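Q: Following this line is run.pdb, made up of PDB, C-alpha atoms, pLDDT in the B column:
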ATOM      1  CA  MET A  90      95.974 104.896  91.720  1.00 97.00           C
ATOM      2  CA  LYS A  91      98.393 107.727  92.281  1.00 98.00           C
ATOM      3  CA  LEU A  92      99.340 109.171  95.659  1.00 98.00           C
ATOM      4  CA  TYR A  93     100.606 112.739  95.773  1.00 98.00           C
ATOM      5  CA  PHE A  94     103.081 113.062  98.621  1.00 98.00           C
ATOM      6  CA  SER A  95     105.813 115.050 100.288  1.00 97.00           C
ATOM      7  CA  PRO A  96     108.565 113.048 102.029  1.00 97.00           C
ATOM      8  CA  GLY A  97     107.780 112.405 105.686  1.00 96.00           C
ATOM      9  CA  ALA A  98     104.606 114.492 105.635  1.00 97.00           C
ATOM     10  CA  CYS A  99     101.232 113.098 106.679  1.00 97.00           C
ATOM     11  CA  SER A 100     101.033 111.536 103.194  1.00 98.00           C
ATOM     12  CA  LEU A 101     103.452 108.896 104.482  1.00 98.00           C
ATOM     13  CA  SER A 102     100.498 107.338 106.284  1.00 98.00           C
ATOM     14  CA  PRO A 103      98.451 106.431 103.153  1.00 98.00           C
ATOM     15  CA  HIS A 104     101.716 105.508 101.432  1.00 98.00           C
ATOM     16  CA  ILE A 105     102.245 102.903 104.154  1.00 98.00           C
ATOM     17  CA  ALA A 106      98.616 101.782 103.817  1.00 98.00           C
ATOM     18  CA  LEU A 107      98.983 101.308 100.051  1.00 98.00           C
ATOM     19  CA  ARG A 108     101.984  99.063 100.560  1.00 98.00           C
ATOM     20  CA  GLU A 109     100.384  97.160 103.441  1.00 98.00           C
ATOM     21  CA  ALA A 110      97.339  96.613 101.222  1.00 98.00           C
ATOM     22  CA  GLY A 111      99.415  95.301  98.327  1.00 98.00           C
ATOM     23  CA  LEU A 112      97.621  97.562  95.849  1.00 98.00           C
ATOM     24  CA  ASP A 113      98.995  98.803  92.537  1.00 97.00           C
ATOM     25  CA  PHE A 114      99.861 102.486  92.752  1.00 98.00           C
ATOM     26  CA  GLU A 115     102.209 105.267  91.777  1.00 98.00           C
ATOM     27  CA  ILE A 116     103.592 108.071  93.907  1.00 98.00           C
ATOM     28  CA  GLU A 117     104.320 111.603  92.753  1.00 98.00           C
ATOM     29  CA  ARG A 118     106.162 114.155  94.827  1.00 98.00           C
ATOM     30  CA  VAL A 119     104.734 117.628  95.408  1.00 98.00           C
ATOM     31  CA  ASP A 120     106.908 120.736  95.766  1.00 97.00           C
ATOM     32  CA  PHE A 121     105.095 122.961  98.239  1.00 93.00           C
ATOM     33  CA  ALA A 122     107.197 126.001  97.318  1.00 93.00           C
ATOM     34  CA  THR A 123     106.019 125.948  93.702  1.00 96.00           C
ATOM     35  CA  LYS A 124     102.805 123.934  94.165  1.00 96.00           C
ATOM     36  CA  LYS A 125     103.984 121.778  91.274  1.00 97.00           C
ATOM     37  CA  THR A 126     104.199 118.005  91.090  1.00 98.00           C
ATOM     38  CA  LYS A 127     107.383 116.302  89.936  1.00 97.00           C
ATOM     39  CA  SER A 128     105.909 115.925  86.454  1.00 97.00           C
ATOM     40  CA  GLY A 129     105.109 119.655  86.337  1.00 97.00           C
ATOM     41  CA  ASP A 130     101.380 119.553  87.019  1.00 97.00           C
ATOM     42  CA  ASP A 131      99.673 122.280  89.038  1.00 98.00           C
ATOM     43  CA  PHE A 132      98.962 120.628  92.376  1.00 98.00           C
ATOM     44  CA  ASN A 133      96.307 123.201  93.240  1.00 97.00           C
ATOM     45  CA  ALA A 134      94.328 121.914  90.276  1.00 97.00           C
ATOM     46  CA  ILE A 135      94.533 118.404  91.745  1.00 98.00           C
ATOM     47  CA  ASN A 136      93.721 119.422  95.317  1.00 98.00           C
ATOM     48  CA  PRO A 137      92.530 123.038  95.609  1.00 97.00           C
ATOM     49  CA  ARG A 138      93.303 122.930  99.339  1.00 96.00           C
ATOM     50  CA  GLY A 139      96.939 122.742  98.368  1.00 96.00           C
ATOM     51  CA  TYR A 140      98.165 120.057 100.748  1.00 97.00           C
ATOM     52  CA  VAL A 141      98.913 116.358 100.732  1.00 98.00           C
ATOM     53  CA  PRO A 142      97.798 113.644 100.758  1.00 98.00           C
ATOM     54  CA  ALA A 143      95.703 113.423  97.641  1.00 98.00           C
ATOM     55  CA  LEU A 144      94.854 110.107  96.029  1.00 98.00           C
ATOM     56  CA  ARG A 145      93.824 109.975  92.375  1.00 98.00           C
ATOM     57  CA  LEU A 146      91.680 106.911  91.787  1.00 98.00           C
ATOM     58  CA  ASP A 147      91.675 104.853  88.614  1.00 96.00           C
ATOM     59  CA  ASP A 148      88.411 106.480  87.510  1.00 97.00           C
ATOM     60  CA  GLY A 149      89.929 109.957  87.830  1.00 97.00           C
ATOM     61  CA  GLN A 150      88.309 110.994  91.089  1.00 98.00           C
ATOM     62  CA  VAL A 151      90.571 112.569  93.710  1.00 98.00           C
ATOM     63  CA  LEU A 152      90.161 111.705  97.370  1.00 98.00           C
ATOM     64  CA  THR A 153      91.722 113.942 100.017  1.00 98.00           C
ATOM     65  CA  GLU A 154      92.106 114.001 103.815  1.00 98.00           C
ATOM     66  CA  GLY A 155      94.235 111.285 105.368  1.00 98.00           C
ATOM     67  CA  PRO A 156      91.653 109.477 107.537  1.00 98.00           C
ATOM     68  CA  ALA A 157      89.229 109.185 104.593  1.00 98.00           C
ATOM     69  CA  ILE A 158      91.960 107.883 102.294  1.00 98.00           C
ATOM     70  CA  LEU A 159      93.116 105.369 104.909  1.00 98.00           C
ATOM     71  CA  GLN A 160      89.657 103.871 105.343  1.00 98.00           C
ATOM     72  CA  TYR A 161      89.089 103.766 101.588  1.00 98.00           C
ATOM     73  CA  LEU A 162      92.332 101.852 101.065  1.00 98.00           C
ATOM     74  CA  ALA A 163      91.629  99.436 103.907  1.00 98.00           C
ATOM     75  CA  ASP A 164      88.213  98.666 102.450  1.00 98.00           C
ATOM     76  CA  GLN A 165      89.750  97.665  99.116  1.00 98.00           C
ATOM     77  CA  VAL A 166      91.400  94.661 100.755  1.00 98.00           C
ATOM     78  CA  PRO A 167      89.238  93.537 103.693  1.00 97.00           C
ATOM     79  CA  ASP A 168      91.210  90.299 103.964  1.00 97.00           C
ATOM     80  CA  ARG A 169      94.269  92.288 105.088  1.00 97.00           C
ATOM     81  CA  LYS A 170      92.353  93.467 108.179  1.00 97.00           C
ATOM     82  CA  LEU A 171      93.764  96.984 107.953  1.00 98.00           C
ATOM     83  CA  ALA A 172      90.419  98.203 109.285  1.00 98.00           C
ATOM     84  CA  PRO A 173      87.576  96.440 111.101  1.00 98.00           C
ATOM     85  CA  PRO A 174      84.463  95.745 108.987  1.00 97.00           C
ATOM     86  CA  ALA A 175      82.244  98.731 108.203  1.00 94.00           C
ATOM     87  CA  GLY A 176      79.284  98.891 110.566  1.00 95.00           C
ATOM     88  CA  SER A 177      81.000  97.001 113.356  1.00 98.00           C
ATOM     89  CA  PHE A 178      81.615  98.683 116.689  1.00 98.00           C
ATOM     90  CA  GLU A 179      85.321  98.048 116.212  1.00 98.00           C
ATOM     91  CA  ARG A 180      85.142 100.199 113.075  1.00 98.00           C
ATOM     92  CA  TYR A 181      83.887 103.076 115.183  1.00 98.00           C
ATOM     93  CA  ARG A 182      86.862 102.502 117.460  1.00 98.00           C
ATOM     94  CA  LEU A 183      89.089 102.920 114.416  1.00 98.00           C
ATOM     95  CA  GLN A 184      87.317 106.146 113.488  1.00 98.00           C
ATOM     96  CA  GLU A 185      87.646 107.307 117.073  1.00 98.00           C
ATOM     97  CA  THR A 186      91.385 106.625 116.963  1.00 98.00           C
ATOM     98  CA  LEU A 187      91.910 108.271 113.566  1.00 98.00           C
ATOM     99  CA  ASN A 188      90.085 111.375 114.768  1.00 98.00           C
ATOM    100  CA  PHE A 189      92.195 111.462 117.922  1.00 98.00           C
ATOM    101  CA  ILE A 190      95.414 111.264 115.927  1.00 98.00           C
ATOM    102  CA  SER A 191      94.203 113.855 113.439  1.00 98.00           C
ATOM    103  CA  THR A 192      92.967 116.474 115.889  1.00 96.00           C
ATOM    104  CA  GLU A 193      95.039 115.946 119.023  1.00 96.00           C
ATOM    105  CA  LEU A 194      98.399 114.935 117.528  1.00 97.00           C
ATOM    106  CA  HIS A 195      98.604 115.838 113.841  1.00 97.00           C
ATOM    107  CA  LYS A 196      97.250 119.367 114.223  1.00 95.00           C
ATOM    108  CA  GLY A 197      98.946 119.636 117.593  1.00 92.00           C
ATOM    109  CA  PHE A 198     102.318 119.565 115.858  1.00 95.00           C
ATOM    110  CA  SER A 199     101.509 122.376 113.424  1.00 93.00           C
ATOM    111  CA  PRO A 200     102.592 125.254 115.724  1.00 96.00           C
ATOM    112  CA  LEU A 201     105.943 123.576 116.328  1.00 96.00           C
ATOM    113  CA  PHE A 202     106.721 123.784 112.599  1.00 95.00           C
ATOM    114  CA  ASN A 203     105.608 127.409 112.364  1.00 94.00           C
ATOM    115  CA  LYS A 204     108.547 129.806 112.793  1.00 92.00           C
ATOM    116  CA  ASP A 205     106.135 132.670 113.511  1.00 95.00           C
ATOM    117  CA  CYS A 206     104.436 130.893 116.392  1.00 96.00           C
ATOM    118  CA  PRO A 207     105.354 132.464 119.767  1.00 97.00           C
ATOM    119  CA  ASP A 208     107.580 130.369 122.015  1.00 95.00           C
ATOM    120  CA  ALA A 209     105.055 130.671 124.840  1.00 97.00           C
ATOM    121  CA  TRP A 210     102.408 128.980 122.727  1.00 96.00           C
ATOM    122  CA  LYS A 211     104.837 126.309 121.572  1.00 96.00           C
ATOM    123  CA  ALA A 212     105.465 125.490 125.241  1.00 96.00           C
ATOM    124  CA  VAL A 213     101.733 124.990 125.765  1.00 97.00           C
ATOM    125  CA  VAL A 214     101.588 122.783 122.674  1.00 96.00           C
ATOM    126  CA  ARG A 215     104.436 120.628 123.957  1.00 97.00           C
ATOM    127  CA  THR A 216     102.684 120.187 127.299  1.00 97.00           C
ATOM    128  CA  ASN A 217      99.499 119.095 125.554  1.00 97.00           C
ATOM    129  CA  LEU A 218     101.355 116.648 123.315  1.00 97.00           C
ATOM    130  CA  ALA A 219     103.181 115.213 126.335  1.00 98.00           C
ATOM    131  CA  ARG A 220      99.826 114.481 127.962  1.00 97.00           C
ATOM    132  CA  ARG A 221      98.559 112.712 124.826  1.00 98.00           C
ATOM    133  CA  PHE A 222     101.757 110.705 124.468  1.00 98.00           C
ATOM    134  CA  ALA A 223     101.496 109.601 128.082  1.00 98.00           C
ATOM    135  CA  ASP A 224      98.008 108.245 127.396  1.00 97.00           C
ATOM    136  CA  LEU A 225      99.233 106.370 124.331  1.00 98.00           C
ATOM    137  CA  ASP A 226     102.253 105.032 126.183  1.00 98.00           C
ATOM    138  CA  LYS A 227      99.951 103.512 128.772  1.00 97.00           C
ATOM    139  CA  LEU A 228      97.715 101.971 126.087  1.00 97.00           C
ATOM    140  CA  LEU A 229     100.640 100.474 124.201  1.00 98.00           C
ATOM    141  CA  GLY A 230     102.007  98.928 127.349  1.00 96.00           C
ATOM    142  CA  ASP A 231      99.059  96.527 127.235  1.00 93.00           C
ATOM    143  CA  GLN A 232      98.855  95.735 123.507  1.00 97.00           C
ATOM    144  CA  PRO A 233     101.140  95.829 120.459  1.00 98.00           C
ATOM    145  CA  PHE A 234      98.969  98.075 118.279  1.00 98.00           C
ATOM    146  CA  LEU A 235      96.424 100.837 118.765  1.00 98.00           C
ATOM    147  CA  LEU A 236      93.358  98.650 118.309  1.00 98.00           C
ATOM    148  CA  GLY A 237      94.801  95.532 119.904  1.00 97.00           C
ATOM    149  CA  GLN A 238      96.708  92.647 118.350  1.00 97.00           C
ATOM    150  CA  ASP A 239      96.362  93.638 114.690  1.00 97.00           C
ATOM    151  CA  PHE A 240      98.108  96.398 112.756  1.00 98.00           C
ATOM    152  CA  THR A 241      95.600  98.802 111.200  1.00 98.00           C
ATOM    153  CA  VAL A 242      95.784 101.976 109.143  1.00 98.00           C
ATOM    154  CA  ALA A 243      95.683 103.923 112.422  1.00 98.00           C
ATOM    155  CA  ASP A 244      99.106 102.552 113.288  1.00 98.00           C
ATOM    156  CA  GLY A 245     100.635 103.850 110.077  1.00 98.00           C
ATOM    157  CA  TYR A 246      99.166 107.254 110.909  1.00 98.00           C
ATOM    158  CA  LEU A 247     100.530 107.344 114.457  1.00 98.00           C
ATOM    159  CA  PHE A 248     103.921 106.106 113.237  1.00 98.00           C
ATOM    160  CA  THR A 249     104.037 109.006 110.788  1.00 98.00           C
ATOM    161  CA  ILE A 250     103.277 111.552 113.498  1.00 98.00           C
ATOM    162  CA  LEU A 251     105.840 110.057 115.877  1.00 98.00           C
ATOM    163  CA  GLY A 252     108.445 110.520 113.163  1.00 97.00           C
ATOM    164  CA  TRP A 253     107.993 114.280 113.407  1.00 98.00           C
ATOM    165  CA  THR A 254     109.287 114.387 116.969  1.00 97.00           C
ATOM    166  CA  ARG A 255     112.892 114.309 115.803  1.00 95.00           C
ATOM    167  CA  PHE A 256     112.395 117.454 113.718  1.00 95.00           C
ATOM    168  CA  VAL A 257     111.145 119.516 116.657  1.00 96.00           C
ATOM    169  CA  ASN A 258     113.393 118.091 119.389  1.00 95.00           C
ATOM    170  CA  PHE A 259     110.570 116.339 121.199  1.00 96.00           C
ATOM    171  CA  ASP A 260     112.122 113.594 123.312  1.00 96.00           C
ATOM    172  CA  LEU A 261     110.182 110.322 123.346  1.00 97.00           C
ATOM    173  CA  ALA A 262     112.453 108.731 125.958  1.00 97.00           C
ATOM    174  CA  PRO A 263     109.897 109.299 128.765  1.00 98.00           C
ATOM    175  CA  TYR A 264     107.492 107.078 126.790  1.00 98.00           C
ATOM    176  CA  PRO A 265     109.292 103.721 126.448  1.00 98.00           C
ATOM    177  CA  ASN A 266     106.255 101.885 125.109  1.00 98.00           C
ATOM    178  CA  LEU A 267     105.910 104.448 122.332  1.00 98.00           C
ATOM    179  CA  VAL A 268     109.592 104.044 121.475  1.00 98.00           C
ATOM    180  CA  THR A 269     109.216 100.262 121.312  1.00 98.00           C
ATOM    181  CA  TYR A 270     106.049 100.667 119.251  1.00 98.00           C
ATOM    182  CA  GLN A 271     107.811 102.977 116.800  1.00 98.00           C
ATOM    183  CA  THR A 272     110.566 100.401 116.332  1.00 98.00           C
ATOM    184  CA  ARG A 273     108.017  97.611 115.925  1.00 98.00           C
ATOM    185  CA  VAL A 274     106.127  99.443 113.192  1.00 98.00           C
ATOM    186  CA  ALA A 275     109.318 100.567 111.427  1.00 98.00           C
ATOM    187  CA  ALA A 276     110.376  96.926 111.110  1.00 97.00           C
ATOM    188  CA  ARG A 277     107.339  96.029 109.014  1.00 98.00           C
ATOM    189  CA  PRO A 278     108.414  95.415 105.382  1.00 98.00           C
ATOM    190  CA  ALA A 279     105.728  97.707 103.936  1.00 98.00           C
ATOM    191  CA  VAL A 280     106.693 100.538 106.271  1.00 98.00           C
ATOM    192  CA  HIS A 281     110.390 100.101 105.498  1.00 98.00           C
ATOM    193  CA  ALA A 282     109.635 100.148 101.767  1.00 98.00           C
ATOM    194  CA  ALA A 283     107.628 103.370 102.080  1.00 98.00           C
ATOM    195  CA  LEU A 284     110.436 105.062 104.019  1.00 98.00           C
ATOM    196  CA  VAL A 285     112.975 104.015 101.375  1.00 98.00           C
ATOM    197  CA  ALA A 286     110.722 105.137  98.506  1.00 97.00           C
ATOM    198  CA  GLU A 287     110.360 108.591 100.061  1.00 98.00           C
ATOM    199  CA  GLY A 288     114.102 108.900 100.617  1.00 96.00           C
ATOM    200  CA  LEU A 289     113.726 108.995 104.401  1.00 96.00           C
ATOM    201  CA  ILE A 290     116.097 106.072 104.948  1.00 94.00           C
ATOM    202  CA  LYS A 291     118.658 104.299 102.800  1.00 90.00           C
ATOM    203  CA  PRO A 292     117.718 100.955 101.229  1.00 89.00           C
ATOM    204  CA  GLY A 293     120.072  98.974 103.458  1.00 77.00           C
ATOM    205  CA  ALA A 294     119.054 100.691 106.678  1.00 73.00           C
TER     206      ALA A 294
END
Represent the structure from my file as structure tokens, please.
A:
Amino acid sequence: MKLYFSPGACSLSPHIALREAGLDFEIERVDFATKKTKSGDDFNAINPRGYVPALRLDDGQVLTEGPAILQYLADQVPDRKLAPPAGSFERYRLQETLNFISTELHKGFSPLFNKDCPDAWKAVVRTNLARRFADLDKLLGDQPFLLGQDFTVADGYLFTILGWTRFVNFDLAPYPNLVTYQTRVAARPAVHAALVAEGLIKPGA
């Protein structure tokens, strides 16, 4: 498999999942300015939507959209318990959580990265994100991970989104459980390896 990524983007989430799953894979960086991959391929030909993540499977198929990729990867190694079994109610809880992260947090950050977005709207966005973070802070005060005691692909996704706060000056200090959670996830060997591989931290950090 090959994961097309951009450092620190939402593609970090499936990158973490690949390493947590212990699967064989390659990564290839995408330059959004040129829409070229590091090897010179036209990324728009790989994913016509033009954004990461995109996962090329061994049979040549390309899977896109983070939540779909995460569940696919988790299902390749059910013994790792990166997702509850398909058909179980707990699996629907995972889907519920992935959708929450995708729609309420992931897309919620988009205006903050847009230089053309009016400051008044960015203020509204920050208020909305603060409300969502408060909910998560309360949840994570009662359990170590989003679905309970076990790390799942949803945690890699939330960790990725939390990493964006430092780029938009969003202070997480009012959410101590989220800060502790972020540190807890960052300490996982697979997460650390993904961060190093993407050049987001130094190997000895």
Q: Find the distance between CA of Phe178 in chain A and CA of Arg108 in chain A and write it in Å to one decimal.
A: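 The value is 26.0 Å.
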Q: What's the 7 Å shell around range 187-189 of chain A, counting all atoms listed in the file, without same-chain residues fewer than 3 positions away, as a PDB file with C-alpha atoms, in the coordinates of the input?
A:
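Generated output (around_33.pdb):
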ATOM      1  CA  PRO A 156      91.653 109.477 107.537  1.00 98.00           C
ATOM      2  CA  LEU A 183      89.089 102.920 114.416  1.00 98.00           C
ATOM      3  CA  GLN A 184      87.317 106.146 113.488  1.00 98.00           C
ATOM      4  CA  THR A 192      92.967 116.474 115.889  1.00 96.00           C
ATOM      5  CA  GLU A 193      95.039 115.946 119.023  1.00 96.00           C
ATOM      6  CA  ALA A 243      95.683 103.923 112.422  1.00 98.00           C
TER       7      ALA A 243
END
Q: For this structure, which residues satisfy the selection - the PyMOL selection byres ((chain A and resi 128) around 12) - when it is evaluated on the file as given? I want them as an MDAnalysis selection string.
A: chainID A and resid 93 116:120 124:127 129:132
Q: In terms of the shortest atom-to-atom distance over only C-alpha atoms, which of A:Leu284, A:Leu171, A:Leu267, A:Met90 is closest to Gln232 in chain A?
A: A:Leu267
Q: For Gly237 in chain A, which residue among A:Ala172, A:Ala143, A:Leu101, A:Leu92 is the nearest when counting all atoms listed in the file?
A: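 Using all atoms listed in the file, the shortest distance to Gly237 in chain A belongs to A:Ala172.
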Q: In Å to one decimal, how far is CA of Gln271 in chain A from CA of Val257 in chain A?
A: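 Computing the Euclidean distance for CA of Val257 in chain A and CA of Gln271 in chain A yields 16.9 Å.
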Q: One number please: CA of Gly97 in chain A to CA of His281 in chain A, in Å, one decimal.
A: 12.6 Å
Q: Tell me which of A:Ala122, A:Ala157, A:Leu225, A:Leu152 sits closest to Leu247 in chain A, counting only C-alpha atoms.
A: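 Answer, going by the shortest atom-to-atom distance: A:Leu225.
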Q: Could you write out as lines of an AutoDock Vina configuration file the box around range 226-235 of chain A (axis-aligned, all atoms listed in the file, 5 Å on each side), with centre and edge lengths in Å to one decimal?
A:
center_x = 99.3
center_y = 100.4
center_z = 123.5
size_x = 15.8
size_y = 19.3
size_z = 20.5
Q: Between A:Lys227, A:Arg138, A:Arg169, A:Lys91, which is the closest to Val242 in chain A once you count all atoms listed in the file?
A: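 When distances to Val242 in chain A are compared using all atoms listed in the file, the smallest one comes from A:Arg169.
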Q: Applying 8 Å and all atoms listed in the file, which residues near Ile190 in chain A remain after dropping the ones on its own chain fewer than 4 positions away? List them as an mmCIF file with C-alpha atoms, keeping the file's coordinate frame.
A:
data_model
loop_
_atom_site.group_PDB
_atom_site.id
_atom_site.type_symbol
_atom_site.label_atom_id
_atom_site.label_comp_id
_atom_site.auth_asym_id
_atom_site.auth_seq_id
_atom_site.Cartn_x
_atom_site.Cartn_y
_atom_site.Cartn_z
ATOM 1 C CA THR A 186 91.385 106.625 116.963
ATOM 2 C CA LEU A 194 98.399 114.935 117.528
ATOM 3 C CA HIS A 195 98.604 115.838 113.841
ATOM 4 C CA TYR A 246 99.166 107.254 110.909
ATOM 5 C CA LEU A 247 100.530 107.344 114.457
#
Q: If the PyMOL selection byres ((chain A and resi 278) around 12) were run on this exact file, what residues would it hold? Put them as a ChimeraX atom specification.
A: /A:105-106,108-111,273-277,279-285,292,294
Q: Applied to the shown file, which residues does the PyMOL selection byres ((chain A and resi 206-215) around 12) return, written as a list in words?
A: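 The output of the PyMOL selection byres ((chain A and resi 206-215) around 12) on this file is Glu193, Leu194, His195, Lys196, Gly197, Phe198, Ser199, Pro200, Leu201, Phe202, Asn203, Lys204, Asp205, Thr216, Asn217, Leu218, Ala219, Arg220, Arg221, Phe222, Thr254, Val257, Asn258, Phe259, Asp260 and Leu261 of chain A.
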Q: Determine the nearest neighbour of Tyr264 in chain A from the options A:Leu229, A:Leu159, A:Leu236, A:Leu146, counting only C-alpha atoms.
A: A:Leu229
Q: Which residue is closest to Thr241 in chain A? Choose from A:Ser100, A:Gly139, A:Leu162, A:Asp148 and count only C-alpha atoms.
A: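 With only C-alpha atoms as the atom set, the closest residue is A:Leu162.
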